[in-house]
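K.L.:
Dropping in entry17.txt, which is compact mmCIF, C-alpha atoms and all ligand atoms:
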# COMPACT_ATOMS: atom_id res chain seq x y z
CA MET A 1 113.50 155.87 123.00
CA ARG A 2 116.64 156.96 122.29
CA LEU A 3 116.32 157.70 118.95
CA ILE A 4 119.10 157.75 116.95
CA HIS A 5 121.12 155.96 119.12
CA ARG A 6 118.81 154.28 121.23
CA HIS A 7 115.66 154.54 120.12
CA LEU A 8 115.58 154.69 116.79
CA LEU A 9 115.25 156.64 114.78
CA ALA A 10 113.07 157.80 112.89
CA ALA A 11 114.64 159.93 110.73
CA ILE A 12 113.17 162.65 112.32
CA LEU A 13 113.76 163.90 115.51
CA VAL A 14 112.20 166.16 117.51
CA ALA A 15 114.44 168.91 117.51
CA ALA A 16 112.92 171.96 117.97
CA ALA A 17 114.32 174.40 115.78
CA GLY A 18 112.16 177.03 114.39
CA GLY A 19 109.33 176.33 116.66
CA ALA A 20 108.55 173.03 115.05
CA VAL A 21 109.68 169.76 116.35
CA THR A 22 111.93 168.44 113.68
CA ALA A 23 114.84 166.20 113.13
CA GLN A 24 118.26 166.68 114.53
CA THR A 25 121.48 164.94 114.88
CA ARG A 26 122.04 162.79 117.81
CA GLY A 27 124.25 160.32 119.06
CA GLY A 28 122.67 157.98 121.01
CA ARG A 29 119.76 156.10 121.27
CA TYR A 30 117.75 155.27 118.66
CA ALA A 31 118.09 156.37 115.43
CA GLY A 32 121.37 156.48 114.04
CA PRO A 33 123.48 159.17 112.85
CA THR A 34 120.77 161.62 112.29
CA GLY A 35 117.54 161.69 113.84
CA ALA A 36 115.62 161.05 116.84
CA ILE A 37 112.79 158.90 117.33
CA PRO A 38 109.40 159.89 118.36
CA PRO A 39 108.40 158.68 121.78
CA ALA A 40 106.04 155.78 121.38
CA ALA A 41 103.54 157.71 123.44
CA ILE A 42 102.86 159.97 120.50
CA ALA A 43 104.01 157.80 117.62
CA ALA A 44 101.62 156.25 115.16
CA PRO A 45 99.81 153.24 116.56
CA ALA A 46 101.01 149.81 115.60
CA GLY A 47 98.92 147.78 113.27
CA GLY A 48 96.59 149.97 111.36
CA PRO A 49 96.88 150.40 107.65
CA VAL A 50 99.19 148.43 105.40
CA TRP A 51 101.98 149.98 103.35
CA SER A 52 100.74 152.78 101.12
CA GLY A 53 102.71 151.44 98.16
CA GLU A 54 104.02 154.94 97.59
CA SER A 55 107.57 156.20 97.35
CA GLY A 56 108.88 157.76 100.54
CA ALA A 57 109.10 161.48 101.15
CA SER A 58 112.83 161.50 101.89
CA GLY A 59 113.81 161.44 98.23
CA ASP A 60 116.33 158.70 99.01
CA PRO A 61 116.53 156.20 96.09
CA ARG A 62 116.29 153.33 98.58
CA MET A 63 112.83 154.59 99.53
CA THR A 64 111.17 154.52 96.10
CA ALA A 65 108.18 152.20 95.83
CA ALA A 66 110.08 150.02 93.35
CA ALA A 67 113.10 149.72 95.67
CA ILE A 68 110.88 148.81 98.61
CA ARG A 69 109.11 146.12 96.55
CA GLU A 70 112.45 144.75 95.42
CA GLY A 71 113.69 144.69 99.02
CA ALA A 72 110.56 142.79 100.05
CA VAL A 73 111.08 140.21 97.31
CA ASN A 74 114.69 139.71 98.42
CA PHE A 75 113.87 139.69 102.13
CA ARG A 76 114.61 136.00 102.73
CA GLY A 77 117.88 136.17 100.88
CA CYS A 78 118.85 139.20 102.95
CA LEU A 79 118.13 137.33 106.20
CA GLU A 80 120.22 134.40 104.98
CA ARG A 81 123.11 136.76 104.25
CA LEU A 82 122.91 138.10 107.78
CA TRP A 83 123.20 134.66 109.37
CA PRO A 84 127.02 134.55 109.43
CA LEU A 85 127.06 137.87 111.27
CA ALA A 86 124.64 136.46 113.82
CA ALA A 87 126.72 133.31 114.23
CA ARG A 88 129.75 135.43 115.00
CA ARG A 89 127.84 136.88 117.96
CA GLY A 90 127.12 133.52 119.45
CA ILE A 91 123.55 133.22 118.16
CA SER A 92 122.77 129.57 117.53
CA ARG A 93 121.46 128.35 114.19
CA ASN A 94 118.36 127.07 115.97
CA VAL A 95 117.60 130.42 117.53
CA TYR A 96 118.25 132.24 114.27
CA ALA A 97 116.01 129.88 112.35
CA ALA A 98 113.26 129.93 114.96
CA TYR A 99 112.94 133.71 114.92
CA THR A 100 113.58 134.43 111.25
CA ALA A 101 111.77 131.54 109.51
CA PRO A 102 108.28 132.94 110.14
CA LEU A 103 109.21 136.54 109.34
CA THR A 104 107.67 138.64 106.63
CA PRO A 105 108.67 142.28 106.19
CA ASP A 106 106.46 144.88 107.85
CA LEU A 107 106.31 147.31 104.95
CA ARG A 108 104.04 149.75 106.76
CA ILE A 109 107.19 150.84 108.57
CA MET A 110 108.47 152.32 105.30
CA ASP A 111 105.70 154.92 105.42
CA LEU A 112 106.44 155.67 109.07
CA LEU A 113 110.17 155.99 108.45
CA ASP A 114 109.63 158.74 105.91
CA ARG A 115 106.54 160.50 107.13
CA GLN A 116 105.99 161.60 110.65
CA PRO A 117 103.41 164.30 110.63
CA GLU A 118 103.33 164.38 114.39
CA PHE A 119 106.79 165.85 114.27
CA THR A 120 105.64 169.02 112.73
CA LYS A 121 104.10 170.01 116.02
CA SER A 122 105.09 173.24 117.66
CA PHE A 123 107.15 173.14 120.81
CA TRP A 124 104.13 174.16 122.86
CA ASP A 125 101.76 171.61 121.35
CA TYR A 126 104.36 168.95 121.93
CA LEU A 127 104.75 169.95 125.58
CA ASP A 128 100.98 170.11 126.08
CA LEU A 129 100.69 166.59 124.75
CA LEU A 130 103.38 165.09 126.96
CA VAL A 131 103.28 167.16 130.14
CA ASN A 132 99.72 167.43 131.43
CA ASP A 133 97.76 166.83 134.62
CA ALA A 134 97.02 163.19 133.83
CA ARG A 135 100.66 162.37 133.22
CA ILE A 136 101.76 164.24 136.34
CA GLU A 137 99.20 162.46 138.52
CA GLN A 138 100.04 159.02 137.15
CA GLY A 139 103.75 159.67 137.63
CA ARG A 140 103.22 160.58 141.27
CA VAL A 141 101.27 157.37 141.80
CA LEU A 142 104.15 155.31 140.38
CA LEU A 143 106.76 157.22 142.38
CA GLU A 144 104.85 156.31 145.52
CA ARG A 145 104.15 152.72 144.51
CA TYR A 146 107.81 152.03 143.71
CA ARG A 147 109.30 154.29 146.35
CA GLU A 148 111.65 151.67 147.76
CA THR A 149 112.95 150.77 144.32
CA PHE A 150 113.52 154.43 143.49
CA ASP A 151 115.31 154.87 146.84
CA ALA A 152 117.64 151.97 146.06
CA VAL A 153 118.27 153.12 142.48
CA GLU A 154 119.06 156.68 143.58
CA ARG A 155 121.57 155.29 146.06
CA ALA A 156 123.15 153.02 143.45
CA TYR A 157 123.29 155.40 140.46
CA GLY A 158 122.86 158.93 141.78
CA VAL A 159 120.18 159.70 139.23
CA ASP A 160 117.13 161.74 140.26
CA ARG A 161 113.99 159.59 140.55
CA TYR A 162 111.86 162.29 138.97
CA VAL A 163 113.76 162.30 135.71
CA ILE A 164 113.47 158.52 135.46
CA ALA A 165 109.73 158.75 136.05
CA ALA A 166 109.53 161.54 133.46
CA ILE A 167 111.25 159.40 130.83
CA TRP A 168 108.87 156.58 131.67
CA GLY A 169 105.93 158.95 131.22
CA VAL A 170 107.07 160.70 128.06
CA GLU A 171 108.31 157.63 126.23
CA THR A 172 105.32 155.35 126.71
CA ASN A 173 102.82 157.05 129.04
CA TYR A 174 104.19 154.82 131.82
CA GLY A 175 104.27 151.65 129.78
CA THR A 176 100.77 151.91 128.32
CA LEU A 177 101.74 153.14 124.84
CA GLY A 178 104.95 151.30 124.05
CA GLY A 179 103.81 149.72 120.81
CA ASP A 180 103.13 146.09 119.98
CA ARG A 181 105.26 145.47 116.91
CA PRO A 182 107.66 142.53 117.30
CA VAL A 183 111.14 144.05 117.59
CA VAL A 184 112.79 141.28 115.55
CA ARG A 185 110.37 141.81 112.68
CA SER A 186 110.68 145.61 112.69
CA THR A 187 114.46 145.63 112.85
CA ALA A 188 114.76 142.81 110.26
CA THR A 189 112.55 144.82 107.91
CA LEU A 190 114.63 147.96 108.34
CA ALA A 191 117.89 145.98 108.13
CA CYS A 192 116.92 144.70 104.68
CA ILE A 193 114.77 147.44 103.16
CA GLY A 194 115.04 151.21 103.05
CA ARG A 195 117.61 153.86 103.77
CA ARG A 196 118.77 152.94 107.27
CA GLN A 197 119.89 149.37 106.65
CA ASN A 198 123.35 149.62 108.18
CA TYR A 199 122.01 151.13 111.35
CA PHE A 200 119.22 148.60 111.72
CA ARG A 201 121.39 145.59 110.90
CA GLU A 202 123.11 146.19 114.22
CA GLU A 203 119.76 146.57 115.99
CA PHE A 204 118.39 143.39 114.42
CA LEU A 205 121.41 141.32 115.44
CA SER A 206 121.33 142.81 118.93
CA ALA A 207 117.64 141.91 119.27
CA LEU A 208 118.50 138.31 118.47
CA GLU A 209 121.27 138.39 121.08
CA ILE A 210 118.69 139.42 123.69
CA LEU A 211 116.54 136.43 122.76
CA GLN A 212 119.55 134.12 122.70
CA HIS A 213 120.41 135.18 126.25
CA GLY A 214 116.81 134.95 127.40
CA ASP A 215 116.80 138.38 129.06
CA VAL A 216 113.37 139.34 127.73
CA LYS A 217 110.67 136.82 126.83
CA SER A 218 110.28 136.56 123.08
CA ASP A 219 106.58 137.41 123.05
CA ARG A 220 107.34 140.47 125.19
CA LEU A 221 110.03 141.84 122.89
CA VAL A 222 107.60 144.20 121.17
CA GLY A 223 107.60 147.94 120.77
CA SER A 224 107.71 150.85 118.37
CA TRP A 225 108.09 150.55 114.61
CA ALA A 226 111.72 151.54 115.05
CA GLY A 227 112.42 148.60 117.34
CA ALA A 228 112.47 150.37 120.72
CA PHE A 229 110.93 148.34 123.53
CA SER A 230 110.37 148.53 127.29
CA PRO A 231 108.49 151.20 129.25
CA THR A 232 111.48 153.51 128.80
CA GLN A 233 112.15 152.42 125.21
CA PHE A 234 115.51 150.82 124.80
CA MET A 235 116.78 150.08 121.33
CA PRO A 236 118.44 146.65 121.26
CA THR A 237 121.94 148.16 121.13
CA ALA A 238 121.14 150.50 124.02
CA PHE A 239 119.88 147.49 125.95
CA LYS A 240 123.26 145.86 125.46
CA ARG A 241 125.08 148.92 126.76
CA PHE A 242 122.87 149.95 129.63
CA ALA A 243 120.48 147.25 130.87
CA VAL A 244 121.11 145.90 134.37
CA ASP A 245 119.68 143.05 136.43
CA PHE A 246 118.70 145.08 139.47
CA ASP A 247 116.37 142.48 141.00
CA ARG A 248 119.06 139.83 140.60
CA ASP A 249 116.97 137.10 139.07
CA GLY A 250 119.63 136.47 136.43
CA ARG A 251 117.81 138.30 133.60
CA ARG A 252 118.04 141.90 132.49
CA ASP A 253 114.32 142.18 131.94
CA VAL A 254 113.61 145.80 131.05
CA VAL A 255 110.09 144.90 129.99
CA ASP A 256 108.50 143.05 132.91
CA SER A 257 110.74 143.83 135.90
CA ILE A 258 110.10 147.33 137.21
CA PRO A 259 113.37 147.30 139.24
CA ASP A 260 115.28 146.41 136.06
CA VAL A 261 113.43 149.13 134.09
CA ILE A 262 114.11 151.85 136.66
CA ALA A 263 117.74 150.89 137.29
CA SER A 264 118.58 150.39 133.60
CA THR A 265 117.18 153.82 132.77
CA ALA A 266 119.21 155.33 135.60
CA ASN A 267 122.33 153.49 134.44
CA ASN A 268 121.78 154.84 130.92
CA LEU A 269 121.52 158.43 132.14
CA LYS A 270 124.51 158.03 134.41
CA LYS A 271 126.65 156.69 131.57
CA ASP A 272 125.39 159.52 129.37
CA GLY A 273 126.82 162.00 131.85
CA TRP A 274 124.09 162.70 134.41
CA ILE A 275 125.48 164.77 137.26
CA THR A 276 124.12 163.82 140.67
CA GLY A 277 122.36 166.60 142.53
CA GLN A 278 122.13 168.96 139.57
CA THR A 279 118.94 169.87 137.77
CA TRP A 280 118.54 170.05 133.96
CA GLY A 281 118.08 173.78 133.53
CA TYR A 282 116.03 176.88 134.30
CA GLU A 283 113.32 178.85 132.56
CA VAL A 284 114.62 182.40 132.05
CA VAL A 285 113.26 185.77 130.98
CA VAL A 286 115.21 187.11 128.00
CA PRO A 287 115.19 190.91 127.60
CA ALA A 288 114.03 192.14 124.19
CA THR A 289 117.33 193.96 123.79
CA PHE A 290 119.33 190.77 124.30
CA ASN A 291 121.90 189.74 121.69
CA PHE A 292 120.18 186.63 120.37
CA LEU A 293 123.32 185.57 118.54
CA LEU A 294 124.56 184.30 121.92
CA ALA A 295 121.91 181.57 122.01
CA GLY A 296 122.62 178.00 120.97
CA HIS A 297 124.26 174.79 122.13
CA ALA A 298 127.73 175.93 121.16
CA ARG A 299 128.08 178.83 123.59
CA SER A 300 128.32 177.76 127.20
CA MET A 301 129.23 180.06 130.09
CA PRO A 302 128.69 180.28 133.85
CA ILE A 303 125.18 181.34 134.83
CA ARG A 304 126.54 184.51 136.45
CA GLY A 305 127.80 185.48 132.99
CA TRP A 306 124.30 185.10 131.58
CA GLU A 307 122.99 187.19 134.47
CA ARG A 308 125.28 190.00 133.33
CA TYR A 309 123.47 189.90 129.97
CA GLY A 310 120.23 190.56 131.82
CA LEU A 311 118.77 187.06 131.97
CA THR A 312 116.65 186.40 135.06
CA ARG A 313 114.44 183.65 136.38
CA PRO A 314 110.71 184.46 136.40
CA GLY A 315 109.84 186.27 139.62
CA ASN A 316 113.53 187.06 140.05
CA LYS A 317 114.16 183.82 141.90
CA PRO A 318 117.90 183.38 142.48
CA PHE A 319 119.93 180.76 140.62
CA PRO A 320 121.00 178.22 143.26
CA ARG A 321 124.50 177.72 141.80
CA PRO A 322 125.58 180.65 139.63
CA ASP A 323 128.93 179.05 138.78
CA GLU A 324 127.34 176.21 136.81
CA ARG A 325 127.88 176.42 133.09
CA ALA A 326 124.85 176.63 130.85
CA PHE A 327 123.86 177.30 127.26
CA LEU A 328 120.82 179.30 126.23
CA LEU A 329 117.92 177.77 124.29
CA ILE A 330 115.26 180.07 122.86
CA PRO A 331 113.02 177.63 121.04
CA ALA A 332 110.22 179.98 119.99
CA GLY A 333 112.02 183.25 119.45
CA VAL A 334 111.72 186.56 121.20
CA GLN A 335 108.01 186.05 121.90
CA GLY A 336 108.56 182.86 123.91
CA PRO A 337 110.45 181.74 127.02
CA GLY A 338 114.19 181.15 127.19
CA PHE A 339 115.95 178.31 128.99
CA LEU A 340 119.42 178.06 130.47
CA MET A 341 120.46 174.45 130.00
CA LEU A 342 122.90 172.62 132.26
CA GLU A 343 124.96 169.51 131.63
CA ASN A 344 122.06 167.25 132.57
CA PHE A 345 120.03 168.64 129.68
CA ARG A 346 122.74 167.35 127.37
CA ALA A 347 122.53 163.97 129.12
CA ILE A 348 118.79 163.85 128.42
CA MET A 349 119.44 164.74 124.79
CA ARG A 350 121.79 161.78 124.58
CA TYR A 351 118.84 159.63 125.58
CA ASN A 352 116.86 161.06 122.69
CA PRO A 353 118.47 163.76 120.60
CA ALA A 354 115.73 166.28 120.27
CA GLU A 355 115.38 169.60 122.04
CA ALA A 356 111.60 169.44 122.39
CA TYR A 357 111.87 165.93 123.79
CA ALA A 358 114.52 166.88 126.32
CA LEU A 359 112.57 169.95 127.39
CA ALA A 360 109.44 167.83 127.89
CA ILE A 361 111.47 165.44 130.05
CA GLY A 362 112.94 168.32 132.06
CA HIS A 363 109.59 169.98 132.58
CA LEU A 364 107.79 166.79 133.58
CA THR A 365 110.66 166.10 136.00
CA ASP A 366 110.04 169.44 137.69
CA ARG A 367 106.26 169.05 137.71
CA LEU A 368 106.53 165.60 139.31
CA ARG A 369 108.67 167.19 142.00
CA GLY A 370 105.94 169.73 142.62
CA ALA A 371 107.09 172.76 140.61
CA PRO A 372 104.55 174.96 138.79
CA PRO A 373 104.13 175.22 134.99
CA PHE A 374 106.42 177.53 133.01
CA ALA A 375 105.68 181.15 133.89
CA GLN A 376 105.93 182.65 130.42
CA ASN A 377 103.60 182.22 127.48
CA TRP A 378 104.44 180.56 124.18
CA PRO A 379 103.59 182.40 120.95
CA ARG A 380 100.57 180.18 120.37
CA TYR A 381 99.33 182.50 117.65
CA GLU A 382 102.29 181.54 115.46
CA ARG A 383 101.41 179.10 112.71
CA VAL A 384 103.80 176.17 112.47
CA LEU A 385 105.26 175.75 109.00
CA SER A 386 104.46 172.57 107.09
CA HIS A 387 107.21 170.30 105.84
CA GLY A 388 106.87 171.80 102.37
CA GLU A 389 107.09 175.32 103.76
CA ARG A 390 110.16 174.47 105.83
CA LEU A 391 111.83 173.04 102.76
CA GLU A 392 110.89 176.17 100.80
CA LEU A 393 112.23 178.34 103.62
CA GLN A 394 115.60 176.59 103.40
CA GLN A 395 115.69 176.81 99.61
CA LEU A 396 114.90 180.53 99.77
CA LEU A 397 117.59 181.11 102.37
CA GLU A 398 120.04 179.30 100.12
CA ARG A 399 118.94 181.45 97.16
CA HIS A 400 119.58 184.52 99.29
CA GLY A 401 123.14 183.32 99.82
CA TYR A 402 122.87 181.71 103.27
CA ASP A 403 124.38 178.33 104.07
CA VAL A 404 121.72 175.96 105.39
CA GLY A 405 123.38 172.70 104.35
CA GLU A 406 121.31 170.38 102.20
CA PRO A 407 117.68 171.57 102.37
CA ASP A 408 115.69 168.75 103.97
CA GLY A 409 112.79 170.45 105.72
CA HIS A 410 114.36 169.80 109.12
CA LEU A 411 115.18 173.07 110.79
CA GLY A 412 118.36 172.72 112.78
CA ALA A 413 121.10 174.97 114.07
CA ARG A 414 122.36 175.99 110.61
CA THR A 415 118.93 177.06 109.45
CA ARG A 416 118.40 178.96 112.67
CA SER A 417 121.71 180.70 112.19
CA ALA A 418 120.83 181.60 108.58
CA ILE A 419 117.48 183.03 109.72
CA ARG A 420 119.32 185.14 112.30
CA ASP A 421 121.58 186.55 109.61
CA PHE A 422 118.58 187.31 107.40
CA GLN A 423 116.77 188.99 110.32
CA THR A 424 119.86 191.04 111.07
CA ARG A 425 119.96 192.21 107.46
CA LEU A 426 116.33 193.29 107.80
CA GLY A 427 117.07 195.13 111.03
CA ARG A 428 114.81 192.81 113.05
CA VAL A 429 115.43 190.97 116.29
CA PRO A 430 117.60 188.02 115.17
CA ASP A 431 115.94 185.30 117.22
CA GLY A 432 116.25 182.62 114.52
CA PHE A 433 112.58 181.66 114.76
CA ALA A 434 111.16 180.20 111.56
CA SER A 435 107.85 182.05 111.50
CA ALA A 436 105.35 182.30 108.66
CA CYS A 437 106.26 186.00 108.55
CA ILE A 438 109.92 185.22 107.83
CA LEU A 439 108.87 182.88 105.04
CA ASP A 440 106.74 185.64 103.49
CA GLN A 441 109.64 188.04 103.64
CA LEU A 442 111.95 185.55 101.96
CA ARG A 443 109.36 185.06 99.22
CA ALA A 444 109.16 188.78 98.53
CA PRO A 445 110.93 189.71 95.31
CA CA B 501 116.21 140.92 136.55
Would you mind writing the file out in structure tokens?

P.N.:
Amino acid sequence: MRLIHRHLLAAILVAAAGGAVTAQTRGGRYAGPTGAIPPAAIAAPAGGPVWSGESGASGDPRMTAAAIREGAVNFRGCLERLWPLAARRGISRNVYAAYTAPLTPDLRIMDLLDRQPEFTKSFWDYLDLLVNDARIEQGRVLLERYRETFDAVERAYGVDRYVIAAIWGVETNYGTLGGDRPVVRSTATLACIGRRQNYFREEFLSALEILQHGDVKSDRLVGSWAGAFSPTQFMPTAFKRFAVDFDRDGRRDVVDSIPDVIASTANNLKKDGWITGQTWGYEVVVPATFNFLLAGHARSMPIRGWERYGLTRPGNKPFPRPDERAFLLIPAGVQGPGFLMLENFRAIMRYNPAEAYALAIGHLTDRLRGAPPFAQNWPRYERVLSHGERLELQQLLERHGYDVGEPDGHLGARTRSAIRDFQTRLGRVPDGFASACILDQLRAP
């Protein structure tokens, strides 16, 4: 799902800073201005328990239990106030009434919006979960079964079939874990209650447009709690931008038409900047003496420049095109692997703005093509910090005079940079990794 833009957003994204998968800014898919959305394949199951009745963990006043109850009481009035906006988009009164009259808010979503324990996973646990033998095998079966469709889509869009299959696998385990919450209900709830109302108002109205046009059958417009639907998890607004009618039956059916699913996903990646014939990036060996301050999304240079800093591929395999520009990602510090990321990695992050997500997509893409697992080990002995510990880490960094922005427990580029500065002051390798050891050192008087 594209989270913040496409998918939704859960306020948390999987961004991998500091070894934990945490939120990050994104621009695209599902979630809005900040945050990515967890792939449905590892998100909380639909149904299940009702709303906890507790205030949310975000600290946002719109997420207190009292504010949520008040929003629920005013839900019908909110939907009535949205009607003129729907009318302006060509949604008929009959359609609006038919889909909103039976609605009640799904308050359980309020818990999910503010608490996503699965996003405190380490990079390696996240990859293990999403890139494994079962998912590789199933992906190969689908690549064979839909070979002709993939052939046609590659010709039409120039997007690698393996990355499309990888998105299909990571987002919903190939359509088997896409969620069964009605999209209209989820987006209506979030448009009227909670801290992302502006973002979800657009999603709610776009969902109604889909029903008005008849692209997806109403009982099939179901998905994640954030409102992403389809095997590759389109948010309603992303559907409007990217969905195509590849089988030419007059409907852009990204739920039940596999040609429409595959082509729409390819069209999305293409419009997000996918470069035909290029891969996403390379695993690299980073020398212990490397200047870790060069890592990060902001510093891009030709691969041959990185080679001069001593970066190599495992086994000293050559880089096919050393003139390509790349940035260096070192998600787990000096003890873990490095990655040189090309433009297509950024395109994947536009699909869902989280480093761990994009790396899982890239790795599954390679594995589906027949490549081996990553050669280097992850620091599996490192304990991943809890949300409370990450918040404390940021507060301690701030107390030590480092700028981490507003402490929120989500470790992003600023926190990583502050950790590097702190490590430098201690005379340690400044890899920016938020380890339990760093937290202990910050706690020391
Ligand atoms: Ca179609």

K.L.:
Work out how far apart atom CA of A:Glu203 and atom CA of A:Glu355 are and give it in Å to one decimal.

P.N.:
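Result for atom CA of A:Glu203 versus atom CA of A:Glu355: 24.2 Å, one decimal.
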
K.L.:
Could you check the closest approach to ligand CA 501 (chain B) for each of A:Gly370, A:Pro236, A:Gly214, A:Gly432 and tell me which residue wins, using all atoms listed in the file?

P.N.:
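Distance minimum relative to ligand CA 501 (chain B) lands on A:Gly214.
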
K.L.:
Determine, counting all atoms listed in the file, which protein, DNA and RNA residues have an atom within 10 Å of an atom of A:Pro231; residues of the same chain fewer than 2 positions away are not included. Present the result as a PyMOL selection string.

P.N.:
chain A and resi 1+40+167-179+223+228-229+233-234+254-256+258+261-262+265

K.L.:
Compare A:Leu205, A:Ile361, A:Leu340, A:Ala226 by their minimum atom-to-atom distance to A:Leu82, counting all atoms listed in the file, and give me the closest one.

P.N.:
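Result for the nearest residue to A:Leu82: A:Leu205.
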
K.L.:
At a cut-off of 7 Å around ligand CA 501 (chain B), and using only C-alpha atoms and all ligand atoms, what residues come up? Please write them as a list of chain:residue names.

P.N.:
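Listing the residues within 7 Å of ligand CA 501 (chain B) gives A:Asp245, A:Phe246, A:Asp247, A:Arg248, A:Asp249, A:Gly250, A:Arg251, A:Arg252, A:Asp253, A:Ser257, A:Asp260.
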
K.L.:
For a quick check of understanding, using all atoms listed in the file, which of A:Asp408, A:Glu202, A:Asp160, A:Asp323 has the smallest distance to A:Thr365?

P.N.:
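The shortest atom-to-atom distance to A:Thr365 comes from A:Asp160.
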
K.L.:
Give me, as a list in words, all polymer residues having an atom no more than 7 Å from stretch 272-276 of chain A, counting all atoms listed in the file and skipping those fewer than 2 positions away in the same chain.

P.N.:
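Using all atoms listed in the file, the neighbours found are Gly158, Val159, Asn268, Leu269, Lys270, Gln278, Asn344, Ala347 and Arg350 of chain A.
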
K.L.:
When you draw a straight line from atom CA of A:Asn267 to atom CA of A:Met341, how long is it in Å?

P.N.:
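Distance reported for this atom pair: 21.5 Å.
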
K.L.:
Output: stretch 381-395 of chain A of the preceding structure, restricted to N, CA and C atoms, written as a PDB file, in the first residue's frame.

P.N.:
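File written: out09.pdb
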ATOM      1  N   TYR A 381      21.949 -10.180  17.217  1.00  0.00           N
ATOM      2  CA  TYR A 381      22.078 -10.144  18.679  1.00  0.00           C
ATOM      3  C   TYR A 381      21.630  -8.796  19.234  1.00  0.00           C
ATOM      4  N   GLU A 382      21.469  -7.798  18.380  1.00  0.00           N
ATOM      5  CA  GLU A 382      21.062  -6.476  18.873  1.00  0.00           C
ATOM      6  C   GLU A 382      19.592  -6.496  19.275  1.00  0.00           C
ATOM      7  N   ARG A 383      19.311  -5.972  20.442  1.00  0.00           N
ATOM      8  CA  ARG A 383      17.930  -5.879  20.887  1.00  0.00           C
ATOM      9  C   ARG A 383      17.297  -4.633  20.252  1.00  0.00           C
ATOM     10  N   VAL A 384      16.092  -4.787  19.732  1.00  0.00           N
ATOM     11  CA  VAL A 384      15.422  -3.632  19.140  1.00  0.00           C
ATOM     12  C   VAL A 384      14.749  -2.814  20.244  1.00  0.00           C
ATOM     13  N   LEU A 385      14.950  -1.519  20.219  1.00  0.00           N
ATOM     14  CA  LEU A 385      14.386  -0.664  21.260  1.00  0.00           C
ATOM     15  C   LEU A 385      12.864  -0.593  21.144  1.00  0.00           C
ATOM     16  N   SER A 386      12.216  -0.551  22.294  1.00  0.00           N
ATOM     17  CA  SER A 386      10.757  -0.392  22.321  1.00  0.00           C
ATOM     18  C   SER A 386      10.407   1.055  21.953  1.00  0.00           C
ATOM     19  N   HIS A 387       9.123   1.293  21.753  1.00  0.00           N
ATOM     20  CA  HIS A 387       8.690   2.658  21.445  1.00  0.00           C
ATOM     21  C   HIS A 387       9.106   3.608  22.569  1.00  0.00           C
ATOM     22  N   GLY A 388       8.879   3.183  23.802  1.00  0.00           N
ATOM     23  CA  GLY A 388       9.234   4.028  24.949  1.00  0.00           C
ATOM     24  C   GLY A 388      10.726   4.316  24.989  1.00  0.00           C
ATOM     25  N   GLU A 389      11.518   3.306  24.687  1.00  0.00           N
ATOM     26  CA  GLU A 389      12.974   3.496  24.683  1.00  0.00           C
ATOM     27  C   GLU A 389      13.419   4.413  23.548  1.00  0.00           C
ATOM     28  N   ARG A 390      12.754   4.311  22.410  1.00  0.00           N
ATOM     29  CA  ARG A 390      13.131   5.182  21.286  1.00  0.00           C
ATOM     30  C   ARG A 390      12.796   6.635  21.606  1.00  0.00           C
ATOM     31  N   LEU A 391      11.648   6.806  22.260  1.00  0.00           N
ATOM     32  CA  LEU A 391      11.262   8.150  22.683  1.00  0.00           C
ATOM     33  C   LEU A 391      12.289   8.677  23.695  1.00  0.00           C
ATOM     34  N   GLU A 392      12.666   7.829  24.648  1.00  0.00           N
ATOM     35  CA  GLU A 392      13.646   8.236  25.655  1.00  0.00           C
ATOM     36  C   GLU A 392      14.986   8.573  24.988  1.00  0.00           C
ATOM     37  N   LEU A 393      15.362   7.756  24.016  1.00  0.00           N
ATOM     38  CA  LEU A 393      16.609   8.010  23.285  1.00  0.00           C
ATOM     39  C   LEU A 393      16.599   9.407  22.666  1.00  0.00           C
ATOM     40  N   GLN A 394      15.482   9.761  22.038  1.00  0.00           N
ATOM     41  CA  GLN A 394      15.384  11.083  21.413  1.00  0.00           C
ATOM     42  C   GLN A 394      15.409  12.199  22.453  1.00  0.00           C
ATOM     43  N   GLN A 395      14.711  11.964  23.568  1.00  0.00           N
ATOM     44  CA  GLN A 395      14.689  13.000  24.614  1.00  0.00           C
ATOM     45  C   GLN A 395      16.080  13.203  25.207  1.00  0.00           C
TER      46      GLN A 395
END
